[in-house]
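A.B. asks: Here it is, the structure, as structure tokens.
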Amino acid sequence: MALRVAVIGAGASGLCAARYLSADPARYLPTVYEQTAAVGGTWVYTDRTGKDEHGLPVHASMYKNLRTNLPKETMAFSDFPFDSSLQSYLTRQEVLQYLEDYSAHFGLKKHVQFLTRVDAVKPVHVHGGVKWKVTTSKVTDPDKQNTEQFDGVIVSNGRYSVPFVPTIPGTDQFQGRILHSHDYRVPEPFRGRNVLIIGASYSGVDLCVQIAAEAKRVVISHSNPPNMALRMLPPNVRQAARVENIMGPNIVRFQDGQEFQADDIVYCTGYRLSFPFLNTECGITVQRGRAFPLYKHIINTAHPSMSFIGILHNSLTFPLFEVQVKFALGVLDGRLSLPSKGTMDQDVDEDFKDRLKAGLLPHHAHTISSLYPQYYTELAKAANCRPIPHTCLSTALDSITSMFADPVEYRNATYKITGPESWEKVPLKSKE
């Protein structure tokens with residue numbers, strides 16, 4: 001009898017799970033729960049911030065003029081390439097179209113229950129094994145709940161929807177505008193203003209460039225390591241140390257003693273992992289950016305028929321989702337054997353300690369960039385599948401390095417794959 005599998009979320013990772021589940025109907029019977037009316041997850045743009053039309057928190061952190069910071073040569077699923085006529089750095093619309101085409105090509109929408117919120121997930125013991133009770137409700141009728149039983153659960157609700165905002169002394173005195181990048185949509189509201197951006201990772205760098213085109217002055221506050229040093233910023237942008245405190249209605253003091261009179265503060269400070277539907281009996285603890293115990297950042301060691309796809313940070317996206325899904329499904333149907341729970345928990349603990357020793361903060365427990373390319377190759381080996389091409393890893397690393405070195409112009413290039421382990425980068429001709 002086919003295994004019933006609940007997939008939570010129809011973004012890229014959930015669609016990938018549905019694609020491989022639905023490809024083997026004798027083995028799996030997938031049901032995908034999607035809170036919104038569309039596939040695509042965080043790639044679905046909305047002008048709305050705060051609450052959506054159903055009174056739920058807006059999930060997507062997409063802004064209007066987003067372009068990818070990784071080239072399409074790095075991003076594609078292995079069996080579904082991007083249109084070769086597209087430039088390397090894609091618009092948000094092109095990525096969303098790709099995911100819609102992927103869904104249509106593999107016939108995934110018939111497995112999706114749209115406008116359906118997952119309210120609770122709970123393990124239950126049946127005939128000596130573990131099943132899963134999944135309780136859902138329609139967002140249009142939240143008081144009417146439905147509960148179904150599944151053999152497995154794949155959690156793929158994304159990691160970029162619940163903002164993390166650090167506590168800064170004096171914030172309550174600030175009289176200007178404060179927002180998190182989750183609620184940023186367009187740069188025009190910052191025209192002629194003095195803007196402080198806190199954080200200089202991917203969104204911080206991108207918003208800095210966009211906002212600087214409209215703002216009078218921009219200060220970007222960060223403590224990036226040398227390999228993430230920012231160069232070649234717009235002329236009206238300067239860098240500052242981390243924020244010490246806020247004094248009065250609009251003065252910000254930095255840890256190096258400098259001060260800045262800010263009209264607006266934009267937090268580009270990342271996100272919290274959030275799985276509010278998980279019952280405590282699921283055995284998963286969430287601490288800001290860390291969920292544990294997850295073997296290989298995927299498998300719930302307490303109940304291995306529950307897996308998490310796509311919670312890694314600073315990693316490849318779509319190609320990695322594929323390998324993670326293949327590993328999770330191999331575990332679910334018994335084709336792949338796991339170590340004992342004690343061994344897996346020890347592996348999780350050692351992985352976390354190694355990150356702390358390397359200087360990563362606890363909330364970077366699922367950051368994978370420092371492990372290039374070991375995690376990818378080891379996971380593919382464990383999943384008995386083909387590894388992610390070397391060109392995916394190397395073009396991604398080149399792109400991110402270029403982003404910090406020249407955040408204004410780094411997308412003015414195209415990548416060409418010339419062999420299994422080779423590629424070239426060609427500058428685009430400027431428009432006269």
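In the structure tokens, each chain is lettered A, B, ... as it comes, each chain's residues begin at 1, and ligands are numbered from 1 in order of appearance.
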When you look at range 236-242 of chain A with a cut-off of 9 Å (counting only C-alpha atoms), what residues show up, excluding the ones that are within fewer than 5 positions of it in the same chain? I need them as a ChimeraX atom specification.
C.D. replies: /A:198-199,208-209,212-213,215-223,230,253-258
A.B. asks: Skip Leu115 in chain A itself and residues of its chain fewer than 5 positions away, then list as a PyMOL selection string all residues within 6 Å of it, counting only C-alpha atoms.
C.D. replies: chain A and resi 34-37+138-139
A.B. asks: Could you check the closest approach to Ile417 in chain A for each of A:Leu108, A:Leu96, A:Cys392, A:Leu179 and tell me which residue wins, using only C-alpha atoms?
C.D. replies: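 Distance minimum relative to Ile417 in chain A lands on A:Cys392.
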A.B. asks: Choose the residue, out of A:Gly128, A:Gly289, A:Pro407, A:Gly107, that has the smallest atom-to-atom separation from Met232 in chain A; count only C-alpha atoms.
C.D. replies: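 Result for the nearest residue to Met232 in chain A: A:Pro407.
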A.B. asks: Under the rule that only C-alpha atoms are counted, which of A:Leu207, A:Ile309, A:Ala262, A:Leu86 is the nearest residue to Ala12 in chain A?
C.D. replies: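 The shortest atom-to-atom distance to Ala12 in chain A comes from A:Ile309.
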A.B. asks: Please return as a ChimeraX atom specification: the residues of range 191-388 of chain A that backbone DSSP assigns to helix (DSSP H, G or I).
C.D. replies: /A:202-212,226-228,280-282,318-333,341-357,362-364,369-371,374-383
A.B. asks: What residues in range 206-382 of chain A get the DSSP label strand (DSSP E or B)? Please answer as number ranges by chain.
C.D. replies: A: 217-221, 237-240, 243-247, 251-254, 259-261, 264-267, 271-272, 278, 285-287, 290-292, 294-295, 299-300, 306-308, 313, 367
A.B. asks: Hey, which bits of range 203-312 of chain A sit within 12 Å of range 61-65 of chain A, and for each residue what's the closest pair of atoms and how far apart in Å (one decimal), counting only C-alpha atoms, rows by chain and increasing number, as a Markdown table?
C.D. replies:
```
| residue | atom | partner | partner_atom | distance |
| --- | --- | --- | --- | --- |
| A:Ser203 | CA | A:Ser61 | CA | 10.2 |
| A:Asp206 | CA | A:Asn65 | CA | 10.1 |
| A:Leu207 | CA | A:Tyr63 | CA | 9.6 |
| A:Val209 | CA | A:Asn65 | CA | 11.5 |
| A:Gln210 | CA | A:Asn65 | CA | 8.6 |
| A:Ile211 | CA | A:Asn65 | CA | 11.3 |
| A:Cys268 | CA | A:Ser61 | CA | 11.4 |
| A:Gly270 | CA | A:Ser61 | CA | 10.9 |
| A:Tyr271 | CA | A:Ser61 | CA | 10.3 |
```
A.B. asks: Quick one: write out the picked residues with N, CA, C and O atoms as a PDB file, in the first residue's frame?
C.D. replies:
```
ATOM      1  N   SER A 203      20.354  40.359   1.886  1.00  0.00           N
ATOM      2  CA  SER A 203      19.290  41.358   1.758  1.00  0.00           C
ATOM      3  C   SER A 203      19.795  42.739   2.126  1.00  0.00           C
ATOM      4  O   SER A 203      19.403  43.741   1.508  1.00  0.00           O
ATOM      5  N   ASP A 206      21.652  44.184  -0.882  1.00  0.00           N
ATOM      6  CA  ASP A 206      20.752  44.489  -1.987  1.00  0.00           C
ATOM      7  C   ASP A 206      19.883  45.706  -1.685  1.00  0.00           C
ATOM      8  O   ASP A 206      19.719  46.596  -2.526  1.00  0.00           O
ATOM      9  N   LEU A 207      19.335  45.766  -0.479  1.00  0.00           N
ATOM     10  CA  LEU A 207      18.495  46.914  -0.119  1.00  0.00           C
ATOM     11  C   LEU A 207      19.312  48.180  -0.004  1.00  0.00           C
ATOM     12  O   LEU A 207      18.830  49.275  -0.333  1.00  0.00           O
ATOM     13  N   VAL A 209      21.823  49.048  -1.897  1.00  0.00           N
ATOM     14  CA  VAL A 209      21.992  49.573  -3.254  1.00  0.00           C
ATOM     15  C   VAL A 209      20.684  50.168  -3.767  1.00  0.00           C
ATOM     16  O   VAL A 209      20.668  51.259  -4.350  1.00  0.00           O
ATOM     17  N   GLN A 210      19.572  49.478  -3.544  1.00  0.00           N
ATOM     18  CA  GLN A 210      18.286  49.979  -4.038  1.00  0.00           C
ATOM     19  C   GLN A 210      17.889  51.287  -3.351  1.00  0.00           C
ATOM     20  O   GLN A 210      17.485  52.250  -4.007  1.00  0.00           O
ATOM     21  N   ILE A 211      17.996  51.313  -2.038  1.00  0.00           N
ATOM     22  CA  ILE A 211      17.566  52.490  -1.289  1.00  0.00           C
ATOM     23  C   ILE A 211      18.484  53.676  -1.559  1.00  0.00           C
ATOM     24  O   ILE A 211      18.032  54.831  -1.617  1.00  0.00           O
ATOM     25  N   CYS A 268      17.930  44.449   8.408  1.00  0.00           N
ATOM     26  CA  CYS A 268      18.207  43.317   7.514  1.00  0.00           C
ATOM     27  C   CYS A 268      18.939  42.272   8.356  1.00  0.00           C
ATOM     28  O   CYS A 268      20.119  41.974   8.148  1.00  0.00           O
ATOM     29  N   GLY A 270      17.809  39.076   9.313  1.00  0.00           N
ATOM     30  CA  GLY A 270      17.487  37.668   9.202  1.00  0.00           C
ATOM     31  C   GLY A 270      16.136  37.287   9.772  1.00  0.00           C
ATOM     32  O   GLY A 270      15.303  38.142  10.107  1.00  0.00           O
ATOM     33  N   TYR A 271      15.967  35.979   9.899  1.00  0.00           N
ATOM     34  CA  TYR A 271      14.661  35.421  10.227  1.00  0.00           C
ATOM     35  C   TYR A 271      14.765  34.337  11.295  1.00  0.00           C
ATOM     36  O   TYR A 271      15.819  33.740  11.501  1.00  0.00           O
TER      37      TYR A 271
END
```
A.B. asks: Can you check which parts of range 22-53 of chain A lie within 12 Å of range 145-154 of chain A? Per residue, the shortest pair of atoms and distance in Å to one decimal, counting only C-alpha atoms, sorted by chain and number, as a tab-separated table.
C.D. replies:
```
residue	atom	partner	partner_atom	distance
A:Arg27	CA	A:Asp151	CA	11.5
A:Tyr28	CA	A:Asp151	CA	9.6
A:Leu29	CA	A:Phe150	CA	9.5
A:Pro30	CA	A:Phe150	CA	9.4
A:Thr31	CA	A:Phe150	CA	9.3
A:Val32	CA	A:Ile154	CA	9.3
A:Tyr33	CA	A:Ile154	CA	10.5
```
A.B. asks: If you keep N, CA and C atoms, can you produce a file of those selected residues as a compact mmCIF listing (two decimals), in the first residue's frame?
C.D. replies:
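The resulting selection-v8.txt:
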```txt
# COMPACT_ATOMS: atom_id res chain seq x y z
N ARG A 27 4.28 3.84 -4.60
CA ARG A 27 4.98 3.93 -3.32
C ARG A 27 4.47 5.06 -2.44
N TYR A 28 4.06 6.18 -3.06
CA TYR A 28 3.68 7.37 -2.28
C TYR A 28 2.35 7.95 -2.76
N LEU A 29 1.64 8.55 -1.82
CA LEU A 29 0.43 9.30 -2.12
C LEU A 29 0.55 10.66 -1.42
N PRO A 30 0.96 11.70 -2.15
CA PRO A 30 1.22 13.00 -1.51
C PRO A 30 -0.02 13.88 -1.40
N THR A 31 -0.07 14.65 -0.31
CA THR A 31 -1.01 15.75 -0.16
C THR A 31 -0.21 16.97 0.27
N VAL A 32 -0.29 18.02 -0.53
CA VAL A 32 0.45 19.25 -0.25
C VAL A 32 -0.51 20.29 0.29
N TYR A 33 -0.17 20.86 1.44
CA TYR A 33 -0.99 21.90 2.04
C TYR A 33 -0.33 23.25 1.81
```
A.B. asks: Give the answer as one residue: which of A:Tyr415, A:Phe77, A:Leu397, A:Phe277 has the shortest atom-to-atom distance to Asn314 in chain A, using only C-alpha atoms?
C.D. replies: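 For Asn314 in chain A, the nearest of the given residues is A:Leu397.
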A.B. asks: Can you measure CA of Asp172 in chain A to CA of Gly248 in chain A for me? One decimal in Å is fine.
C.D. replies: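 Between CA of Asp172 in chain A and CA of Gly248 in chain A the gap is 9.1 Å.
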A.B. asks: Need to verify the contact set: Gly14 in chain A, 12 Å, only C-alpha atoms, exclusion of same-chain residues closer than 2 positions in sequence. Can you return it as a PyMOL selection string?
C.D. replies: chain A and resi 5-12+16-22+30-34+39-42+99+102-103+108-109+111-112+153-158+307-311+318+321-322+324-325
A.B. asks: Quick one: everything within 12 Å of Ala405 in chain A, counting only C-alpha atoms, minus sequence neighbours fewer than 4 positions away in the same chain. Send it as a JSON list (two decimals) with C-alpha atoms, in the first residue's frame.
C.D. replies:
```json
[["chain", "number", "residue", "atom", "x", "y", "z"],
["A", 205, "VAL", "CA", 23.56, 44.59, 0.57],
["A", 226, "PRO", "CA", 36.95, 39.93, 5.99],
["A", 227, "ASN", "CA", 35.57, 37.53, 3.36],
["A", 228, "MET", "CA", 32.32, 39.55, 3.36],
["A", 229, "ALA", "CA", 33.92, 43.00, 3.30],
["A", 230, "LEU", "CA", 31.87, 45.47, 1.27],
["A", 231, "ARG", "CA", 33.53, 47.40, -1.53],
["A", 232, "MET", "CA", 32.47, 49.75, -4.32],
["A", 233, "LEU", "CA", 29.30, 50.97, -2.65],
["A", 398, "ASP", "CA", 31.97, 33.24, -7.44],
["A", 399, "SER", "CA", 28.67, 35.11, -7.56],
["A", 400, "ILE", "CA", 28.49, 35.72, -3.81],
["A", 401, "THR", "CA", 32.14, 36.81, -3.73],
["A", 409, "GLU", "CA", 27.49, 45.95, -10.90],
["A", 410, "TYR", "CA", 28.09, 42.27, -10.12],
["A", 411, "ARG", "CA", 24.98, 41.14, -11.99]]
```
A.B. asks: Rank A:Thr395, A:Ala328, A:Ser84, A:Leu312 by their smallest atom-to-atom distance to Thr367 in chain A, using only C-alpha atoms, and report the top residue only.
C.D. replies: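 Going through A:Thr395, A:Ala328, A:Ser84, A:Leu312 one by one, the smallest distance to Thr367 in chain A is for A:Leu312.
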A.B. asks: Neighbours of Pro389 in chain A within 8 Å (only C-alpha atoms; same-chain residues fewer than 4 positions away dropped), as a ChimeraX atom specification?
C.D. replies: /A:393,420-421
A.B. asks: Report as a ChimeraX atom specification all protein, DNA and RNA residues lying within 9 Å of Asn412 in chain A, evaluated on only C-alpha atoms, omitting residues in the same chain fewer than 4 positions from it.
C.D. replies: /A:89,408,426-430
